[in-house]
$ cat entry21.tsv   # TSV, C-alpha atoms and all ligand atoms
chain	number	residue	atom	x	y	z
A	13	MET	CA	122.29	52.08	-10.85
A	14	SER	CA	124.69	52.57	-7.96
A	15	SER	CA	128.39	52.99	-8.68
A	16	SER	CA	129.26	49.70	-6.96
A	17	ILE	CA	127.06	47.82	-9.44
A	18	GLU	CA	128.69	49.73	-12.28
A	19	GLU	CA	132.15	48.80	-11.00
A	20	THR	CA	131.13	45.15	-10.76
A	21	ARG	CA	129.98	45.18	-14.32
A	22	THR	CA	133.22	46.61	-15.65
A	23	ALA	CA	135.44	44.26	-13.65
A	24	ASP	CA	133.33	41.23	-14.55
A	25	GLU	CA	133.25	42.02	-18.23
A	26	ALA	CA	137.03	41.97	-18.43
A	27	ARG	CA	137.07	38.33	-17.32
A	28	LEU	CA	133.89	37.01	-18.93
A	29	PRO	CA	133.92	34.50	-21.74
A	30	ALA	CA	132.00	35.69	-24.80
A	31	ILE	CA	128.29	35.58	-24.09
A	32	SER	CA	125.48	37.30	-25.93
A	33	PRO	CA	124.38	40.75	-24.80
A	34	ALA	CA	120.97	39.31	-23.93
A	35	GLN	CA	122.50	36.61	-21.75
A	36	SER	CA	124.79	39.15	-20.11
A	37	GLU	CA	121.76	41.31	-19.37
A	38	VAL	CA	119.98	38.38	-17.64
A	39	GLU	CA	123.01	37.61	-15.47
A	40	GLU	CA	123.63	41.23	-14.54
A	41	ARG	CA	120.00	41.86	-13.68
A	42	LEU	CA	120.15	39.02	-11.18
A	43	ILE	CA	123.27	40.47	-9.54
A	44	GLU	CA	121.59	43.86	-9.30
A	45	ASN	CA	118.55	42.29	-7.68
A	46	VAL	CA	120.60	40.39	-5.14
A	47	LEU	CA	122.71	43.47	-4.34
A	48	ARG	CA	119.54	45.53	-3.98
A	49	SER	CA	118.11	42.99	-1.53
A	50	PHE	CA	120.81	44.09	0.95
A	51	GLU	CA	120.31	47.81	0.35
A	52	GLN	CA	118.00	48.24	3.36
A	53	CYS	CA	120.56	46.70	5.72
A	54	THR	CA	121.10	49.29	8.45
A	55	GLU	CA	124.44	47.93	9.65
A	56	PRO	CA	126.96	49.39	7.16
A	57	ARG	CA	129.69	46.77	7.63
A	58	SER	CA	127.28	43.84	7.22
A	59	LYS	CA	125.91	45.47	4.10
A	60	GLN	CA	129.40	45.96	2.67
A	61	LEU	CA	130.43	42.38	3.47
A	62	MET	CA	127.30	40.82	1.99
A	63	GLN	CA	127.22	42.93	-1.16
A	64	SER	CA	130.89	42.36	-1.82
A	65	LEU	CA	130.48	38.63	-1.25
A	66	VAL	CA	127.61	38.57	-3.75
A	67	ARG	CA	129.65	40.47	-6.34
A	68	HIS	CA	132.65	38.15	-6.04
A	69	LEU	CA	130.58	34.96	-5.88
A	70	HIS	CA	128.64	35.88	-9.00
A	71	ALA	CA	131.83	36.94	-10.75
A	72	PHE	CA	133.24	33.48	-10.04
A	73	ILE	CA	130.12	31.66	-11.24
A	74	ARG	CA	130.02	33.70	-14.43
A	75	GLU	CA	133.76	33.54	-15.11
A	76	VAL	CA	133.97	29.74	-14.91
A	77	ARG	CA	130.43	29.23	-16.30
A	78	LEU	CA	129.70	26.94	-13.33
A	79	THR	CA	127.71	23.86	-14.38
A	80	GLU	CA	124.79	22.62	-12.32
A	81	ALA	CA	126.70	19.38	-11.60
A	82	GLU	CA	129.64	21.41	-10.32
A	83	TRP	CA	127.31	23.49	-8.15
A	84	GLU	CA	125.93	20.26	-6.65
A	85	GLN	CA	129.44	18.88	-6.06
A	86	SER	CA	130.39	22.12	-4.31
A	87	ILE	CA	127.38	21.85	-2.00
A	88	GLU	CA	128.23	18.20	-1.27
A	89	PHE	CA	131.83	19.17	-0.53
A	90	LEU	CA	130.83	21.93	1.89
A	91	THR	CA	128.33	19.58	3.53
A	92	ALA	CA	131.12	17.03	4.09
A	93	VAL	CA	133.34	19.78	5.53
A	94	GLY	CA	130.52	20.58	7.97
A	95	HIS	CA	129.89	16.95	8.88
A	96	ILE	CA	133.49	16.22	9.90
A	97	THR	CA	133.74	19.44	11.93
A	98	ASP	CA	133.25	19.14	15.68
A	99	ASP	CA	134.81	20.48	18.91
A	100	ARG	CA	138.14	18.83	18.09
A	101	ARG	CA	138.28	19.13	14.33
A	102	GLN	CA	137.68	22.35	12.42
A	103	GLU	CA	137.64	21.42	8.74
A	104	PHE	CA	136.36	24.87	7.69
A	105	ILE	CA	139.49	26.51	9.11
A	106	LEU	CA	141.59	23.87	7.38
A	107	LEU	CA	139.82	24.71	4.12
A	108	SER	CA	140.47	28.40	4.71
A	109	ASP	CA	144.13	27.54	5.42
A	110	VAL	CA	144.74	25.55	2.23
A	111	LEU	CA	143.00	28.20	0.12
A	112	GLY	CA	145.35	30.84	1.53
A	113	ALA	CA	142.35	32.67	3.02
A	114	SER	CA	143.67	32.39	6.59
A	115	MET	CA	147.06	33.74	5.56
A	116	GLN	CA	145.53	36.55	3.51
A	117	THR	CA	143.37	37.59	6.48
A	118	ILE	CA	146.52	37.66	8.62
A	119	ASN	CA	148.29	39.74	5.96
A	120	VAL	CA	145.43	42.22	5.82
A	121	ASN	CA	145.33	42.57	9.61
A	122	ASN	CA	149.06	42.59	10.31
A	123	GLU	CA	150.39	45.11	7.86
A	124	ALA	CA	154.14	45.13	8.38
A	125	MET	CA	154.76	47.46	11.31
A	126	GLY	CA	158.35	48.59	11.08
A	127	ASN	CA	160.55	45.81	12.37
A	128	ALA	CA	157.81	43.96	14.31
A	129	THR	CA	157.96	40.19	13.92
A	130	GLU	CA	155.60	38.95	11.23
A	131	ALA	CA	152.59	36.79	12.05
A	132	THR	CA	151.51	33.54	10.46
A	133	VAL	CA	148.73	30.95	10.79
A	134	PHE	CA	147.63	29.68	14.20
A	135	GLY	CA	146.87	26.08	13.20
A	136	PRO	CA	144.66	23.63	15.09
A	137	PHE	CA	147.16	22.26	17.62
A	138	PHE	CA	147.44	25.00	20.24
A	139	VAL	CA	146.23	23.94	23.69
A	140	ASP	CA	145.43	26.27	26.60
A	141	ASP	CA	147.17	25.57	29.90
A	142	ALA	CA	150.34	24.02	28.50
A	143	PRO	CA	152.86	23.44	31.33
A	144	LEU	CA	154.96	26.28	32.65
A	145	ILE	CA	158.72	25.82	32.27
A	146	GLU	CA	161.58	27.88	33.64
A	147	ASN	CA	163.93	29.57	31.21
A	148	GLY	CA	166.28	26.86	30.00
A	149	GLY	CA	163.63	24.14	30.58
A	150	ASP	CA	162.66	21.43	28.12
A	151	ILE	CA	159.34	21.31	26.23
A	152	ALA	CA	159.95	17.97	24.48
A	153	GLY	CA	158.62	15.59	27.14
A	154	ALA	CA	157.90	12.20	25.58
A	155	GLY	CA	158.25	13.65	22.06
A	156	ALA	CA	161.01	12.07	20.01
A	157	GLY	CA	163.44	14.12	17.97
A	158	GLN	CA	166.75	15.92	17.82
A	159	PRO	CA	167.21	18.30	20.78
A	160	CYS	CA	167.19	21.94	19.75
A	161	TRP	CA	168.32	24.87	21.88
A	162	VAL	CA	166.06	27.86	21.19
A	163	GLU	CA	167.01	31.30	22.49
A	164	GLY	CA	166.23	34.91	21.82
A	165	SER	CA	164.81	38.12	23.13
A	166	VAL	CA	161.47	39.90	23.27
A	167	SER	CA	161.56	43.63	22.62
A	168	ASP	CA	159.45	46.50	21.34
A	169	VAL	CA	159.95	48.10	17.93
A	170	LYS	CA	162.46	50.57	19.43
A	171	GLY	CA	164.60	47.77	20.83
A	172	ASN	CA	163.53	48.10	24.49
A	173	ALA	CA	163.46	44.74	26.26
A	174	ILE	CA	160.05	43.37	27.26
A	175	PRO	CA	160.46	41.39	30.49
A	176	ASN	CA	157.82	38.90	31.61
A	177	ALA	CA	156.30	38.41	28.14
A	178	ARG	CA	154.36	35.15	28.03
A	179	ILE	CA	155.77	32.86	25.36
A	180	GLU	CA	153.71	29.82	24.31
A	181	VAL	CA	155.57	27.28	22.19
A	182	TRP	CA	154.29	24.13	20.55
A	183	GLU	CA	155.55	21.72	17.91
A	184	ALA	CA	155.20	18.26	16.37
A	185	ASP	CA	157.61	15.43	17.20
A	186	GLU	CA	159.97	13.87	14.64
A	187	ASP	CA	157.19	11.49	13.57
A	188	GLY	CA	155.14	14.50	12.55
A	189	PHE	CA	152.55	14.33	15.36
A	190	TYR	CA	151.49	16.81	18.02
A	191	ASP	CA	150.83	15.34	21.48
A	192	VAL	CA	147.07	15.84	21.02
A	193	GLN	CA	147.16	13.47	18.03
A	194	TYR	CA	148.20	10.57	20.27
A	195	THR	CA	145.56	8.70	22.24
A	196	ASP	CA	147.61	8.34	25.45
A	197	HIS	CA	146.83	11.88	26.74
A	198	ARG	CA	150.50	12.80	26.79
A	199	VAL	CA	151.55	16.43	27.07
A	200	SER	CA	154.71	16.94	25.05
A	201	GLY	CA	156.19	19.38	22.60
A	202	ARG	CA	154.44	22.31	24.26
A	203	ALA	CA	154.93	24.66	27.20
A	204	HIS	CA	154.84	28.30	28.18
A	205	LEU	CA	157.59	30.39	29.70
A	206	PHE	CA	158.24	34.05	30.43
A	207	SER	CA	160.97	36.34	29.18
A	208	ASP	CA	163.43	37.23	31.96
A	209	ASP	CA	164.26	40.67	33.40
A	210	GLU	CA	166.34	41.47	30.31
A	211	GLY	CA	163.61	40.31	27.94
A	212	LYS	CA	165.55	37.14	27.09
A	213	TYR	CA	164.26	33.58	26.87
A	214	ARG	CA	165.71	30.12	26.20
A	215	PHE	CA	164.47	26.56	26.18
A	216	TRP	CA	165.13	23.10	24.80
A	217	GLY	CA	162.75	21.88	22.11
A	218	LEU	CA	163.04	19.59	19.12
A	219	THR	CA	164.46	20.46	15.73
A	220	PRO	CA	161.26	20.88	13.68
A	221	THR	CA	160.48	18.27	11.00
A	222	PRO	CA	157.85	18.35	8.22
A	223	TYR	CA	154.39	16.86	8.76
A	224	PRO	CA	151.08	16.69	6.92
A	225	ILE	CA	148.02	18.68	7.95
A	226	PRO	CA	145.05	16.43	8.83
A	227	HIS	CA	144.21	15.06	5.37
A	228	ASP	CA	141.82	12.19	6.04
A	229	GLY	CA	138.76	14.39	5.35
A	230	PRO	CA	137.23	16.40	2.50
A	231	VAL	CA	140.05	18.96	2.49
A	232	GLY	CA	142.58	16.14	2.09
A	233	GLN	CA	140.49	14.70	-0.75
A	234	MET	CA	140.42	18.08	-2.44
A	235	LEU	CA	144.22	18.39	-2.12
A	236	GLU	CA	144.68	14.94	-3.62
A	237	ALA	CA	142.21	15.55	-6.45
A	238	THR	CA	144.04	18.75	-7.37
A	239	GLY	CA	147.54	17.26	-7.16
A	240	ARG	CA	148.52	19.18	-4.03
A	241	SER	CA	150.60	17.94	-1.13
A	242	PRO	CA	149.25	18.10	2.45
A	243	MET	CA	152.76	18.76	3.83
A	244	ARG	CA	153.68	21.73	5.97
A	245	ALA	CA	157.20	23.11	6.03
A	246	SER	CA	159.03	22.26	9.29
A	247	HIS	CA	158.21	24.83	11.96
A	248	LEU	CA	158.02	25.70	15.63
A	249	HIS	CA	154.96	27.66	16.82
A	250	PHE	CA	155.08	30.73	19.07
A	251	MET	CA	152.39	32.89	20.60
A	252	VAL	CA	153.73	35.87	22.52
A	253	THR	CA	151.66	38.16	24.72
A	254	ALA	CA	152.60	41.15	26.87
A	255	PRO	CA	150.42	43.96	28.26
A	256	GLY	CA	150.33	46.95	25.90
A	257	PHE	CA	151.47	44.91	22.90
A	258	ARG	CA	149.71	43.21	20.06
A	259	THR	CA	149.55	39.43	20.51
A	260	LEU	CA	151.93	37.77	18.11
A	261	VAL	CA	151.01	34.38	16.62
A	262	THR	CA	153.79	33.07	14.48
A	263	HIS	CA	156.23	30.24	13.76
A	264	ILE	CA	159.86	29.92	12.80
A	265	PHE	CA	160.85	27.80	9.81
A	266	VAL	CA	164.02	25.87	9.09
A	267	ARG	CA	166.27	27.40	6.43
A	268	GLY	CA	167.05	24.79	3.79
A	269	ASP	CA	163.87	22.77	4.38
A	270	GLY	CA	162.69	21.48	0.97
A	271	LEU	CA	159.07	22.40	1.74
A	272	ILE	CA	159.68	26.10	2.37
A	273	LYS	CA	158.33	27.04	-1.08
A	274	SER	CA	155.36	24.66	-1.00
A	275	ASP	CA	153.97	24.92	2.53
A	276	THR	CA	150.39	23.77	2.04
A	277	VAL	CA	148.90	26.59	4.12
A	278	PHE	CA	151.15	29.32	2.63
A	279	GLY	CA	152.44	30.24	6.10
A	280	VAL	CA	156.10	30.87	5.28
A	281	LYS	CA	157.44	34.42	5.35
A	282	ASP	CA	161.08	35.10	4.55
A	283	SER	CA	161.66	36.90	7.85
A	284	LEU	CA	160.56	33.78	9.75
A	285	ILE	CA	163.08	31.43	8.12
A	286	LYS	CA	165.86	30.82	10.65
A	287	ASP	CA	169.19	29.06	10.74
A	288	PHE	CA	168.93	25.93	12.82
A	289	GLU	CA	172.65	25.29	13.27
A	290	GLU	CA	173.53	21.61	13.44
A	291	GLN	CA	175.91	20.70	16.30
A	292	VAL	CA	177.95	17.51	16.20
A	293	PRO	CA	178.09	15.24	19.26
A	294	GLY	CA	180.54	16.55	21.83
A	295	VAL	CA	179.94	20.26	21.22
A	296	PRO	CA	179.16	21.64	24.70
A	297	ALA	CA	175.55	22.74	25.16
A	298	PRO	CA	174.94	26.41	26.13
A	299	ASP	CA	173.52	25.42	29.52
A	300	GLY	CA	176.02	22.63	30.20
A	301	ARG	CA	173.44	19.92	29.50
A	302	GLU	CA	175.02	16.52	29.00
A	303	LEU	CA	174.03	15.30	25.52
A	304	GLY	CA	176.40	12.34	25.35
A	305	ASP	CA	176.80	11.12	21.78
A	306	ARG	CA	173.73	12.98	20.54
A	307	ASP	CA	173.83	15.60	17.83
A	308	TRP	CA	171.68	18.65	18.45
A	309	SER	CA	170.83	21.99	16.90
A	310	ARG	CA	170.44	25.58	18.01
A	311	VAL	CA	168.48	28.55	16.73
A	312	ARG	CA	168.07	32.20	17.66
A	313	PHE	CA	164.73	33.98	17.33
A	314	ASP	CA	164.52	37.60	18.43
A	315	ILE	CA	160.91	38.63	18.78
A	316	VAL	CA	159.74	42.20	18.26
A	317	LEU	CA	156.21	43.04	19.39
A	318	ALA	CA	154.12	45.76	17.79
A	319	PRO	CA	152.28	48.14	20.12
A	320	GLU	CA	148.66	47.36	20.86
A	321	GLY	CA	146.28	48.97	18.41
A	322	ALA	CA	148.94	49.26	15.69
B	401	LIG	C1	149.88	23.72	12.04
B	401	LIG	O1	150.88	24.31	11.82
B	401	LIG	O2	149.86	23.12	13.07
B	401	LIG	C2	148.74	23.75	11.06
B	401	LIG	C3	148.41	24.95	10.47
B	401	LIG	C4	147.34	25.00	9.58
B	401	LIG	C5	146.62	23.85	9.29
B	401	LIG	C6	146.98	22.64	9.88
B	401	LIG	C7	148.06	22.59	10.77
B	402	FE	FE	152.15	23.24	13.22
$ encode --input "entry21.tsv" --output "structure tokens" --more "lines below"
Ligand code: BEZ
Ligand code: FE
Amino acid sequence: MSSSIEETRTADEARLPAISPAQSEVEERLIENVLRSFEQCTEPRSKQLMQSLVRHLHAFIREVRLTEAEWEQSIEFLTAVGHITDDRRQEFILLSDVLGASMQTINVNNEAMGNATEATVFGPFFVDDAPLIENGGDIAGAGAGQPCWVEGSVSDVKGNAIPNARIEVWEADEDGFYDVQYTDHRVSGRAHLFSDDEGKYRFWGLTPTPYPIPHDGPVGQMLEATGRSPMRASHLHFMVTAPGFRTLVTHIFVRGDGLIKSDTVFGVKDSLIKDFEEQVPGVPAPDGRELGDRDWSRVRFDIVLAPEGA
């Protein structure tokens, strides 16, 4: 027996409910057979992925003593996830998100690199070709909400400015909807801009507000059946690219938001929680914009990019 099978046995036994040695033997023999069926795989990574998947899947089935009715329900659930998925809706990614699998994959692939800004989930609402705005421009468009002045810098891990970094930003309006969720083809709450010669950037957006992930499908039903909320903590998305640097996909979150600890896709990282400072009407805006009797907010987000290949 190979050592990986031995390891599986030991780890599984620690979690298994009491079953007879004969029953245990039957279950283990099956695992060994399935693992062996991948032994001739000539592509080492595929072999590792498939054998590990088999080990963990069988460990789950054995640990919970999965009933045949539960197995059927699981197949029906995954079938429904497939049926609702199309070019515009990716329910499998949503499922991965709410199970923390997306975030764990990001964690595994973005091991903290010194002071580089941490990454978080991409989400389904990014759109290619968002309008270009100048520094100091406004991304809100028709989107309703409290104006928010966003400013910061883009630098490398040694603090050197990165000019001309491409910064994509996108966010929901105060009603909790992204532009693509409206049927009137509006483009709002999204844009791209470039850091200036000193690596600085600034724009007007909206103070982020909480919103639910799409929850009218099987993933939403699963959340409801398990007593979980579909709400995401308030956030503003960023994707930052610059030649020679690792692409950063992240968001910033609002300090004090009540959903920070229960974000349904587990996207919050402490380093990404920022102070959105409330400004009362009459406080002059940084760019001289006339806000009349409106309150507004401001936030600073300094972005540090990790080198490519890190
Ligand atoms: C979002 O932030 O836009 C999002 C992320 C994961 C799932 C659904 C929405
Ligand atoms: Fe979002």
$ residues_near_ligand --input "entry21.tsv" --ligand "ligand LIG 401 (chain B)" --cutoff "10 Å" --atoms "only C-alpha atoms and all ligand atoms" --output "MDAnalysis selection string"
chainID A and resid 102:103 105:110 114:115 132:138 182:184 189:190 222:227 242:249 262:263 275:279
$ closest_residue --input "entry21.tsv" --among "A:Thr238, A:Leu317, A:Gly153, A:Ala173" --to "A:Ser200" --atoms "all atoms listed in the file"
A:Gly153
$ closest_residue --input "entry21.tsv" --among "A:Arg202, A:Arg258, A:Arg310, A:Lys212" --to "ligand FE 402 (chain B)" --atoms "only C-alpha atoms and all ligand atoms"
A:Arg202
$ closest_residue --input "entry21.tsv" --among "A:Phe288, A:Asp196, A:Gly188, A:Arg214" --to "ligand FE 402 (chain B)" --atoms "all atoms listed in the file"
A:Gly188
$ atom_distance --input "entry21.tsv" --atom1 "atom CA of A:Pro29" --atom2 "atom CA of A:Met62"
25.4 Å
$ closest_residue --input "entry21.tsv" --among "A:Val292, A:Leu235, A:Ala128, A:Val261" --to "ligand FE 402 (chain B)" --atoms "all atoms listed in the file"
A:Val261
$ closest_residue --input "entry21.tsv" --among "A:Asn45, A:Gln158, A:Asn122, A:Ser36" --to "A:Thr221" --atoms "all atoms listed in the file"
A:Gln158
$ closest_residue --input "entry21.tsv" --among "A:Ile179, A:Ile31, A:Met125, A:Ala156" --to "A:Gly321" --atoms "all atoms listed in the file"
A:Met125
$ atom_distance --input "entry21.tsv" --atom1 "atom CA of A:Asp191" --atom2 "atom CA of A:Gly155"
7.6 Å
$ atom_distance --input "entry21.tsv" --atom1 "atom CA of A:Gly149" --atom2 "atom CA of A:Trp216"
6.1 Å
$ residues_near_point --input "entry21.tsv" --point "(166.9, 38.3, 28.4)" --cutoff "12 Å" --atoms "all atoms listed in the file" --output "count of residues only"
24
$ residues_around --input "entry21.tsv" --residues "A:Trp83" --least-positions-apart "6" --cutoff "12 Å" --atoms "all atoms listed in the file" --output "number ranges by chain"
A: 72-73, 76-77, 89-90
$ residues_near_point --input "entry21.tsv" --point "(154.6, 29.0, 30.6)" --cutoff "6 Å" --atoms "all atoms listed in the file" --output "list in words"
Pro143, Leu144, Ile145, Ala203, His204 and Leu205 of chain A
$ decode --input "entry21.tsv" --residues "stretch 40-52 of chain A" --atoms "N, CA, C and O atoms" --output "mmCIF file, in the first residue's frame"
data_model
loop_
_atom_site.group_PDB
_atom_site.id
_atom_site.type_symbol
_atom_site.label_atom_id
_atom_site.label_comp_id
_atom_site.auth_asym_id
_atom_site.auth_seq_id
_atom_site.Cartn_x
_atom_site.Cartn_y
_atom_site.Cartn_z
ATOM 1 N N GLU A 40 -12.503 1.138 3.044
ATOM 2 C CA GLU A 40 -11.116 1.466 2.702
ATOM 3 C C GLU A 40 -10.675 0.800 1.405
ATOM 4 O O GLU A 40 -9.930 1.383 0.623
ATOM 5 N N ARG A 41 -11.164 -0.428 1.206
ATOM 6 C CA ARG A 41 -10.783 -1.122 -0.030
ATOM 7 C C ARG A 41 -11.277 -0.345 -1.245
ATOM 8 O O ARG A 41 -10.598 -0.247 -2.264
ATOM 9 N N LEU A 42 -12.468 0.209 -1.131
ATOM 10 C CA LEU A 42 -13.007 1.000 -2.252
ATOM 11 C C LEU A 42 -12.111 2.219 -2.522
ATOM 12 O O LEU A 42 -11.765 2.511 -3.667
ATOM 13 N N ILE A 43 -11.735 2.905 -1.446
ATOM 14 C CA ILE A 43 -10.865 4.095 -1.634
ATOM 15 C C ILE A 43 -9.569 3.683 -2.329
ATOM 16 O O ILE A 43 -9.116 4.333 -3.273
ATOM 17 N N GLU A 44 -8.995 2.572 -1.853
ATOM 18 C CA GLU A 44 -7.736 2.116 -2.459
ATOM 19 C C GLU A 44 -7.920 1.835 -3.943
ATOM 20 O O GLU A 44 -7.075 2.183 -4.766
ATOM 21 N N ASN A 45 -9.048 1.215 -4.271
ATOM 22 C CA ASN A 45 -9.316 0.901 -5.690
ATOM 23 C C ASN A 45 -9.441 2.164 -6.524
ATOM 24 O O ASN A 45 -8.907 2.253 -7.622
ATOM 25 N N VAL A 46 -10.160 3.140 -5.972
ATOM 26 C CA VAL A 46 -10.360 4.376 -6.745
ATOM 27 C C VAL A 46 -9.021 5.099 -6.889
ATOM 28 O O VAL A 46 -8.672 5.571 -7.972
ATOM 29 N N LEU A 47 -8.259 5.167 -5.800
ATOM 30 C CA LEU A 47 -6.945 5.823 -5.874
ATOM 31 C C LEU A 47 -6.065 5.113 -6.900
ATOM 32 O O LEU A 47 -5.391 5.752 -7.711
ATOM 33 N N ARG A 48 -6.110 3.789 -6.873
ATOM 34 C CA ARG A 48 -5.269 3.013 -7.797
ATOM 35 C C ARG A 48 -5.665 3.274 -9.254
ATOM 36 O O ARG A 48 -4.823 3.233 -10.147
ATOM 37 N N SER A 49 -6.956 3.552 -9.464
ATOM 38 C CA SER A 49 -7.412 3.768 -10.853
ATOM 39 C C SER A 49 -6.732 4.985 -11.486
ATOM 40 O O SER A 49 -6.707 5.133 -12.697
ATOM 41 N N PHE A 50 -6.183 5.866 -10.649
ATOM 42 C CA PHE A 50 -5.489 7.053 -11.194
ATOM 43 C C PHE A 50 -3.966 6.868 -11.221
ATOM 44 O O PHE A 50 -3.244 7.767 -11.620
ATOM 45 N N GLU A 51 -3.517 5.698 -10.750
ATOM 46 C CA GLU A 51 -2.067 5.494 -10.639
ATOM 47 C C GLU A 51 -1.347 5.610 -11.973
ATOM 48 O O GLU A 51 -0.211 6.033 -12.039
ATOM 49 N N GLN A 52 -2.011 5.199 -13.061
ATOM 50 C CA GLN A 52 -1.322 5.192 -14.363
ATOM 51 C C GLN A 52 -1.351 6.565 -15.026
ATOM 52 O O GLN A 52 -0.807 6.734 -16.114
#
